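J.: Data: target_8.txt, compact mmCIF, C-alpha atoms.
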```txt
# COMPACT_ATOMS: atom_id res chain seq x y z
CA LYS A 295 -12.34 -25.58 -6.03
CA GLN A 296 -10.50 -27.98 -3.76
CA LYS A 297 -7.10 -27.29 -2.34
CA GLY A 298 -4.26 -27.93 -4.74
CA LYS A 299 -1.14 -29.96 -4.07
CA GLU A 300 0.43 -27.02 -2.25
CA GLY A 301 -2.54 -26.78 0.12
CA ARG A 302 -3.67 -23.36 -1.09
CA LEU A 303 -7.26 -22.42 -1.82
CA SER A 304 -7.87 -21.26 -5.38
CA ILE A 305 -11.37 -19.90 -6.08
CA ILE A 306 -14.80 -20.64 -4.67
CA SER A 307 -17.61 -19.90 -7.11
CA LEU A 308 -21.32 -19.84 -6.21
CA SER A 309 -23.99 -19.98 -8.89
CA ASP A 310 -26.71 -17.32 -9.24
CA GLU A 311 -29.33 -19.81 -8.07
CA VAL A 312 -27.40 -20.73 -4.92
CA CYS A 313 -26.82 -17.09 -4.00
CA LYS A 314 -30.48 -16.24 -4.50
CA HIS A 315 -31.63 -18.93 -2.09
CA ILE A 316 -28.91 -18.46 0.54
CA GLY A 317 -29.58 -14.76 1.12
CA ARG A 318 -27.34 -11.93 2.25
CA GLU A 319 -26.70 -12.73 5.92
CA LYS A 320 -25.89 -16.37 5.29
CA LEU A 321 -23.57 -15.41 2.44
CA GLU A 322 -21.69 -13.05 4.75
CA GLY A 323 -21.33 -15.81 7.34
CA LEU A 324 -20.29 -18.25 4.64
CA VAL A 325 -17.18 -16.18 3.95
CA GLY A 326 -16.04 -16.74 7.53
CA TYR A 327 -16.90 -20.42 7.46
CA LEU A 328 -14.94 -21.02 4.26
CA HIS A 329 -12.01 -19.05 5.63
CA ARG A 330 -11.85 -21.08 8.85
CA ASN A 331 -12.62 -24.53 7.46
CA VAL A 332 -11.44 -24.51 3.86
CA ALA A 333 -8.88 -21.80 3.26
CA GLY A 334 -7.34 -22.19 6.69
CA TYR A 335 -4.72 -19.88 8.08
CA ASP A 336 -2.42 -20.24 5.08
CA ASN A 337 -4.62 -17.79 3.18
CA PRO A 338 -5.53 -14.82 5.42
CA VAL A 339 -8.67 -13.00 4.28
CA HIS A 340 -8.52 -9.41 3.10
CA ILE A 341 -10.83 -7.05 1.27
CA GLU A 342 -9.97 -4.23 -1.08
CA SER A 343 -13.31 -2.59 -1.87
CA SER A 344 -16.10 -1.10 0.22
CA TYR A 345 -18.85 -3.45 -0.96
CA VAL A 346 -19.02 -6.86 -2.58
CA GLN A 347 -21.88 -7.03 -5.09
CA SER A 348 -24.10 -10.07 -4.57
CA LEU A 349 -25.82 -11.99 -7.32
CA LEU A 350 -29.26 -11.52 -5.82
CA GLU A 351 -31.77 -10.81 -8.57
CA ASN A 352 -34.12 -8.47 -6.67
CA LYS A 353 -32.46 -5.11 -7.41
CA ASP A 354 -35.07 -3.14 -5.46
CA ALA A 355 -34.32 -4.84 -2.16
CA ASN A 356 -32.02 -3.30 0.42
CA ASP A 357 -30.13 -6.58 0.69
CA GLU A 358 -28.90 -6.32 -2.90
CA LYS A 359 -25.40 -5.83 -1.56
CA ILE A 360 -23.40 -8.14 0.61
CA CYS A 361 -21.58 -6.07 3.23
CA ALA A 362 -17.86 -6.75 2.86
CA GLY A 363 -17.32 -5.53 6.43
CA LYS A 364 -19.63 -8.18 7.89
CA SER A 365 -18.08 -10.80 5.64
CA LEU A 366 -14.65 -9.85 6.90
CA PHE A 367 -15.75 -9.69 10.54
CA SER A 368 -17.26 -13.18 10.30
CA CYS A 369 -13.69 -14.44 9.82
CA MET A 370 -12.35 -12.76 12.96
CA LYS A 371 -11.97 -13.96 16.54
CA THR A 372 -10.72 -12.41 19.77
CA ASP A 373 -10.07 -13.60 23.31
CA ARG A 374 -10.31 -10.07 24.73
CA ASN A 375 -13.26 -9.33 27.03
CA ASP A 376 -13.75 -5.92 25.43
CA GLY A 377 -14.04 -7.38 21.93
CA LEU A 378 -11.24 -5.22 20.54
CA TYR A 379 -8.67 -6.16 17.93
CA ALA A 380 -5.08 -4.96 17.82
CA THR A 381 -4.72 -2.95 14.60
CA VAL A 382 -1.52 -2.07 12.78
CA VAL A 383 -1.81 0.87 10.39
CA THR A 384 0.55 0.95 7.41
CA ASP A 385 0.88 3.32 4.48
CA GLN A 386 0.62 2.27 0.84
CA TYR A 387 4.27 1.18 0.92
CA GLY A 388 3.80 -1.21 3.83
CA VAL A 389 5.51 1.07 6.39
CA ALA A 390 3.91 0.97 9.84
CA ILE A 391 2.75 4.45 10.87
CA GLY A 392 0.60 3.69 13.90
CA PHE A 393 -0.98 1.17 16.28
CA VAL A 394 -4.65 1.40 17.28
CA TYR A 395 -7.66 -0.76 18.17
CA SER A 396 -10.71 -1.80 16.17
CA ASN A 397 -14.00 -3.51 16.88
CA GLU A 398 -16.94 -4.64 14.78
CA GLU A 399 -18.54 -1.19 14.67
CA SER A 400 -15.35 0.61 13.63
CA ILE A 401 -14.54 -1.97 10.94
CA LEU A 402 -18.04 -1.84 9.46
CA THR A 403 -17.94 1.97 9.49
CA SER A 404 -14.52 1.98 7.81
CA VAL A 405 -15.58 -0.40 5.07
CA LYS A 406 -18.80 1.46 4.38
CA GLY A 407 -17.20 4.90 4.16
CA GLU A 408 -13.78 3.94 2.71
CA ARG A 409 -12.15 6.12 5.38
CA ALA A 410 -10.23 4.72 8.32
CA VAL A 411 -12.26 4.65 11.53
CA TYR A 412 -10.89 3.11 14.72
CA TRP A 413 -12.07 2.60 18.32
CA SER A 414 -10.96 5.01 21.04
CA ARG A 415 -10.49 3.21 24.34
CA SER A 416 -10.25 6.47 26.28
CA ARG A 417 -13.55 7.86 24.90
CA ASN A 418 -15.14 4.43 24.42
CA SER A 419 -16.44 5.53 21.02
CA LEU A 420 -15.60 5.60 17.34
CA TRP A 421 -12.46 7.52 16.40
CA ARG A 422 -12.93 8.97 12.93
CA LYS A 423 -9.32 9.65 12.08
CA GLY A 424 -8.88 13.19 10.74
CA ASP A 425 -12.27 14.67 11.66
CA THR A 426 -10.56 17.18 13.96
CA SER A 427 -7.05 17.48 12.54
CA GLY A 428 -7.89 17.07 8.85
CA ALA A 429 -5.28 14.28 8.63
CA TYR A 430 -7.75 11.67 7.41
CA GLN A 431 -6.95 8.30 5.83
CA THR A 432 -8.43 6.56 2.82
CA ILE A 433 -8.41 2.77 2.92
CA ARG A 434 -6.48 0.65 0.41
CA SER A 435 -7.13 -2.69 2.08
CA ILE A 436 -8.00 -4.34 5.38
CA LYS A 437 -6.24 -7.62 6.14
CA LEU A 438 -6.30 -10.18 8.93
CA ASP A 439 -3.21 -11.81 10.33
CA CYS A 440 -2.54 -15.55 10.19
CA ASP A 441 -4.59 -16.20 13.36
CA SER A 442 -7.47 -13.87 12.39
CA ASP A 443 -7.23 -12.04 15.72
CA ALA A 444 -5.38 -8.90 14.57
CA VAL A 445 -6.01 -6.43 11.76
CA CYS A 446 -3.85 -4.46 9.35
CA PHE A 447 -5.23 -1.31 7.73
CA SER A 448 -3.35 -0.23 4.61
CA VAL A 449 -4.13 3.46 4.11
CA VAL A 450 -3.14 6.58 2.25
CA GLN A 451 -2.43 9.31 4.80
CA HIS A 452 -3.76 12.77 3.93
CA GLY A 453 -3.55 16.19 5.57
CA GLU A 454 -1.36 19.28 5.76
CA PRO A 455 0.95 17.92 6.89
CA ALA A 456 0.09 14.29 6.19
CA SER A 457 0.44 12.98 9.73
CA PHE A 458 -0.75 10.02 11.76
CA CYS A 459 0.89 10.96 15.05
CA HIS A 460 -0.74 13.49 17.41
CA ARG A 461 2.58 15.37 17.41
CA GLY A 462 2.12 16.22 13.76
CA SER A 463 4.58 13.68 12.36
CA TYR A 464 3.87 11.18 9.62
CA SER A 465 4.55 8.13 11.80
CA CYS A 466 4.35 7.40 15.51
CA TRP A 467 7.84 5.86 15.34
CA GLY A 468 11.03 7.83 14.78
CA ASP A 469 14.53 8.71 15.88
CA THR A 470 13.71 10.67 19.03
CA THR A 471 10.74 11.54 21.21
CA ASN A 472 11.61 15.19 21.78
CA SER A 473 11.77 16.45 18.20
CA PRO A 474 9.61 16.14 15.08
CA LEU A 475 9.85 12.63 13.71
CA LYS A 476 11.32 12.28 10.26
CA ASP A 477 9.47 10.96 7.24
CA THR A 478 12.00 8.42 5.99
CA GLY A 479 12.52 5.66 3.45
CA LEU A 480 11.55 5.57 -0.22
CA GLY A 481 8.03 6.64 0.68
CA GLY A 482 9.39 9.67 2.53
CA LEU A 483 11.65 10.49 -0.40
CA PHE A 484 8.80 10.35 -2.88
CA ARG A 485 6.55 12.50 -0.68
CA MET A 486 9.37 15.05 -0.54
CA LEU A 487 9.64 14.96 -4.35
CA GLU A 488 5.90 15.53 -4.70
CA SER A 489 6.14 18.44 -2.26
CA ARG A 490 9.07 19.99 -4.15
CA LYS A 491 7.23 19.61 -7.43
CA ALA A 492 4.23 21.49 -6.04
CA SER A 493 6.18 24.16 -4.18
CA ALA A 494 9.95 24.21 -3.78
CA PRO A 495 12.08 26.60 -1.69
CA GLU A 496 14.48 28.96 -3.41
CA GLY A 497 17.58 27.21 -4.70
CA SER A 498 16.08 23.70 -4.58
CA TYR A 499 18.15 21.29 -6.67
CA THR A 500 15.18 18.95 -6.98
CA LYS A 501 13.11 21.77 -8.45
CA ARG A 502 15.93 22.44 -10.91
CA LEU A 503 15.79 18.82 -12.04
CA PHE A 504 12.04 19.12 -12.60
CA SER A 505 12.59 22.20 -14.74
CA ASP A 506 15.57 20.92 -16.73
CA ARG A 507 14.80 17.57 -18.38
CA GLU A 508 18.18 17.53 -20.11
CA LEU A 509 20.00 17.81 -16.78
CA LEU A 510 17.81 15.05 -15.28
CA LYS A 511 18.52 12.75 -18.24
CA ASN A 512 22.28 13.30 -18.00
CA LYS A 513 22.33 12.76 -14.23
CA LEU A 514 20.45 9.47 -14.61
CA LEU A 515 23.03 8.26 -17.11
CA GLU A 516 25.94 9.55 -15.03
CA GLU A 517 24.80 7.94 -11.78
CA SER A 518 23.95 4.64 -13.50
CA GLN A 519 27.47 4.56 -14.92
CA GLU A 520 28.96 5.27 -11.48
CA LEU A 521 26.90 2.44 -9.97
CA ILE A 522 28.23 0.06 -12.63
CA GLU A 523 31.78 1.15 -11.80
CA ALA A 524 31.18 0.74 -8.05
CA VAL A 525 29.95 -2.83 -8.57
CA ALA A 526 33.06 -3.57 -10.62
CA GLU A 527 35.25 -2.20 -7.80
CA GLY A 528 33.49 -4.34 -5.20
CA ASP A 529 33.37 -1.56 -2.59
CA ILE A 530 30.11 -2.22 -0.72
CA GLN A 531 29.84 1.27 0.78
CA HIS A 532 30.41 2.83 -2.62
CA ILE A 533 27.75 0.54 -4.11
CA ASN A 534 25.25 1.64 -1.45
CA GLU A 535 26.01 5.31 -2.09
CA GLU A 536 25.69 5.07 -5.86
CA THR A 537 22.50 3.01 -5.58
CA ALA A 538 21.02 5.77 -3.40
CA ASP A 539 21.94 8.30 -6.09
CA VAL A 540 20.33 6.23 -8.85
CA LEU A 541 17.13 5.78 -6.80
CA TYR A 542 16.92 9.52 -6.11
CA PHE A 543 17.25 10.51 -9.77
CA ALA A 544 15.04 7.64 -10.97
CA LEU A 545 12.23 8.61 -8.58
CA THR A 546 12.68 12.27 -9.52
CA ALA A 547 12.18 11.28 -13.16
CA CYS A 548 9.14 9.20 -12.18
CA CYS A 549 7.58 12.09 -10.24
CA SER A 550 8.46 14.58 -12.98
CA GLY A 551 6.62 12.48 -15.56
CA GLY A 552 3.52 12.06 -13.38
CA GLY A 553 4.23 8.55 -12.12
CA THR A 554 3.95 7.40 -8.50
CA LEU A 555 6.01 5.10 -6.29
CA GLU A 556 2.82 3.25 -5.36
CA LYS A 557 2.17 2.33 -9.00
CA VAL A 558 5.83 1.38 -9.50
CA ILE A 559 5.55 -1.09 -6.61
CA ASP A 560 2.26 -2.43 -7.99
CA GLU A 561 3.96 -2.97 -11.35
CA LEU A 562 6.82 -4.88 -9.73
CA ASP A 563 4.34 -7.08 -7.87
CA TYR A 564 2.42 -7.66 -11.09
CA ARG A 565 5.55 -8.67 -12.98
CA SER A 566 6.48 -11.17 -10.29
CA LEU A 567 3.30 -13.09 -11.17
CA LYS A 568 4.22 -13.57 -14.81
CA ILE A 569 4.73 -17.17 -15.87
CA LYS A 570 6.37 -16.57 -19.24
CA ARG A 571 9.22 -14.09 -19.36
CA ARG A 572 11.30 -12.50 -22.08
CA PRO A 573 15.00 -13.40 -22.29
CA GLY A 574 15.98 -10.02 -20.84
CA ASN A 575 19.04 -9.53 -23.01
CA ALA A 576 20.63 -6.10 -23.30
CA LYS A 577 19.55 -3.97 -26.28
CA GLN A 578 22.57 -2.93 -28.31
CA HIS A 579 20.93 0.17 -29.75
CA ARG A 580 20.21 1.40 -26.21
CA ILE A 581 23.81 0.80 -25.20
CA ASP A 582 25.07 2.72 -28.24
CA ALA A 583 22.67 5.60 -27.58
CA ALA A 584 23.80 5.86 -23.94
CA LYS A 585 27.46 5.91 -25.00
CA LYS A 586 26.79 8.80 -27.38
CA ILE A 587 25.06 10.82 -24.66
CA LEU A 588 27.85 10.15 -22.17
CA GLU A 589 30.50 11.17 -24.72
CA LYS A 590 28.59 14.35 -25.53
CA SER A 591 28.31 15.32 -21.85
CA LYS A 592 32.07 15.04 -21.17
```
Can I see the file as structure tokens?

T.:
Amino acid sequence: KQKGKEGRLSIISLSDEVCKHIGREKLEGLVGYLHRNVAGYDNPVHIESSYVQSLLENKDANDEKICAGKSLFSCMKTDRNDGLYATVVTDQYGVAIGFVYSNEESILTSVKGERAVYWSRSRNSLWRKGDTSGAYQTIRSIKLDCDSDAVCFSVVQHGEPASFCHRGSYSCWGDTTNSPLKDTGLGGLFRMLESRKASAPEGSYTKRLFSDRELLKNKLLEESQELIEAVAEGDIQHINEETADVLYFALTACCSGGGTLEKVIDELDYRSLKIKRRPGNAKQHRIDAAKKILEKSK
């Protein structure tokens, strides 16, 4: 399809017959051509699966699959003599946890195996993240920047502990350089909740919340009420504090019920795409039910 009024590429569809005659290698190169000359830099290319199935009819041939890695690499360019690409590594929440380098071989290996593989400049060889430490990474997506000369790996960090940094910390960035770096933010909070759910130290309040659903329900109502009151007061610091409380108890409830922060974020992104929305009015029966619970807990 041609570009719309906003200059954004919609969908390019190739028929079975066209794909059969073009062949695998030309199809992979076509992705790069379309990216450079049709989509342009307003629509950076990214892939989210290890292989793209072609429409070739010969199922016995080795070229039945189009390699998504080669398709992606055909979109890339570099002015470096060593052929390397600066690579930012983020977790599933978009938080940067490391900076590395990639080349064609490492990208193709990553896409094929669905595990993050980078290029070690010191060893001049592939760096299979986690082979030695056990802190491996599974790939969520690989994206190019607006100029197609840098890469972003979105990964899920594994390991005991889950760490990207050689010092054993989750991220290579933190508060200090002489002490273990903290796992912070909402992602850090949720990882702590998952850890407490699996194995909590003696006297853990979070573990108590997991074990006592009635307490967790009442705390959610209590903190929501306090946030409402803080907003009415107009005290910004108080609003920040009460919002933090609500997020803690809400994510505890999410983790307790088997949900994940990653899926919550995906749901928010999905809802932002909706064209038709409900009015969003308050439900009176929910308000009445909350009042009864709050009165009972006094």

J.: Grab the CA of Glu517 in chain A to CA of Leu562 in chain A distance for me, in Å with one decimal place.

T.: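 Here the two named atoms are 22.2 Å from each other.
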
J.: Separation of CA of Thr537 in chain A and CA of Leu480 in chain A, in Å?

T.: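 Between CA of Thr537 in chain A and CA of Leu480 in chain A the gap is 12.5 Å.
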
J.: Give me, as a PyMOL selection string, all polymer residues having an atom no more than 7 Å from Ala429 in chain A, counting all atoms listed in the file and skipping those fewer than 6 positions away in the same chain.

T.: chain A and resi 451-454+456-458

J.: Mind giving me the straight-line distance from CA of Glu398 in chain A to CA of Ser427 in chain A in Å, one decimal?

T.: 24.3 Å

J.: Using all atoms listed in the file, can you tell me which of A:Leu555, A:Ala583, A:Ile436, A:Leu521 comes closest to Gly481 in chain A?

T.: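 Closest residue, counting all atoms listed in the file: A:Leu555.
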
J.: Mind completing range 390-413 of chain A with N, CA and C atoms? Output as a compact mmCIF listing (two decimals), in the frame of the given file, please?

T.:
```txt
# COMPACT_ATOMS: atom_id res chain seq x y z
N ALA A 390 4.79 0.77 8.69
CA ALA A 390 3.91 0.97 9.84
C ALA A 390 3.96 2.42 10.31
N ILE A 391 2.79 3.05 10.42
CA ILE A 391 2.75 4.45 10.87
C ILE A 391 1.98 4.61 12.17
N GLY A 392 1.31 3.56 12.64
CA GLY A 392 0.60 3.69 13.90
C GLY A 392 0.04 2.36 14.38
N PHE A 393 -0.38 2.35 15.65
CA PHE A 393 -0.98 1.17 16.28
C PHE A 393 -2.23 1.62 17.02
N VAL A 394 -3.37 1.00 16.70
CA VAL A 394 -4.65 1.40 17.28
C VAL A 394 -5.47 0.15 17.60
N TYR A 395 -6.76 0.35 17.91
CA TYR A 395 -7.66 -0.76 18.17
C TYR A 395 -8.92 -0.62 17.31
N SER A 396 -9.48 -1.76 16.96
CA SER A 396 -10.71 -1.80 16.17
C SER A 396 -11.70 -2.74 16.83
N ASN A 397 -12.98 -2.54 16.51
CA ASN A 397 -14.00 -3.51 16.88
C ASN A 397 -14.97 -3.65 15.71
N GLU A 398 -16.03 -4.40 15.90
CA GLU A 398 -16.94 -4.64 14.78
C GLU A 398 -17.51 -3.34 14.24
N GLU A 399 -17.93 -2.44 15.12
CA GLU A 399 -18.54 -1.19 14.67
C GLU A 399 -17.56 -0.34 13.86
N SER A 400 -16.32 -0.23 14.33
CA SER A 400 -15.35 0.61 13.63
C SER A 400 -14.97 0.01 12.27
N ILE A 401 -14.88 -1.32 12.22
CA ILE A 401 -14.54 -1.97 10.94
C ILE A 401 -15.67 -1.80 9.94
N LEU A 402 -16.90 -2.01 10.37
CA LEU A 402 -18.04 -1.84 9.46
C LEU A 402 -18.14 -0.40 8.97
N THR A 403 -17.89 0.56 9.87
CA THR A 403 -17.94 1.97 9.49
C THR A 403 -16.83 2.30 8.50
N SER A 404 -15.65 1.74 8.72
CA SER A 404 -14.52 1.98 7.81
C SER A 404 -14.82 1.45 6.41
N VAL A 405 -15.31 0.22 6.35
CA VAL A 405 -15.58 -0.40 5.07
C VAL A 405 -16.67 0.35 4.31
N LYS A 406 -17.68 0.77 5.03
CA LYS A 406 -18.80 1.46 4.38
C LYS A 406 -18.40 2.81 3.82
N GLY A 407 -17.56 3.55 4.57
CA GLY A 407 -17.20 4.90 4.16
C GLY A 407 -15.89 5.04 3.43
N GLU A 408 -15.08 3.95 3.36
CA GLU A 408 -13.78 3.94 2.71
C GLU A 408 -12.79 4.92 3.36
N ARG A 409 -13.09 5.35 4.57
CA ARG A 409 -12.15 6.12 5.38
C ARG A 409 -11.85 5.34 6.65
N ALA A 410 -10.64 5.48 7.14
CA ALA A 410 -10.23 4.72 8.32
C ALA A 410 -10.93 5.25 9.57
N VAL A 411 -11.60 4.34 10.25
CA VAL A 411 -12.26 4.65 11.53
C VAL A 411 -11.83 3.58 12.53
N TYR A 412 -11.38 4.03 13.70
CA TYR A 412 -10.89 3.11 14.72
C TYR A 412 -11.74 3.24 15.98
N TRP A 413 -11.32 2.55 17.06
CA TRP A 413 -12.07 2.60 18.32
C TRP A 413 -11.19 3.25 19.39
```
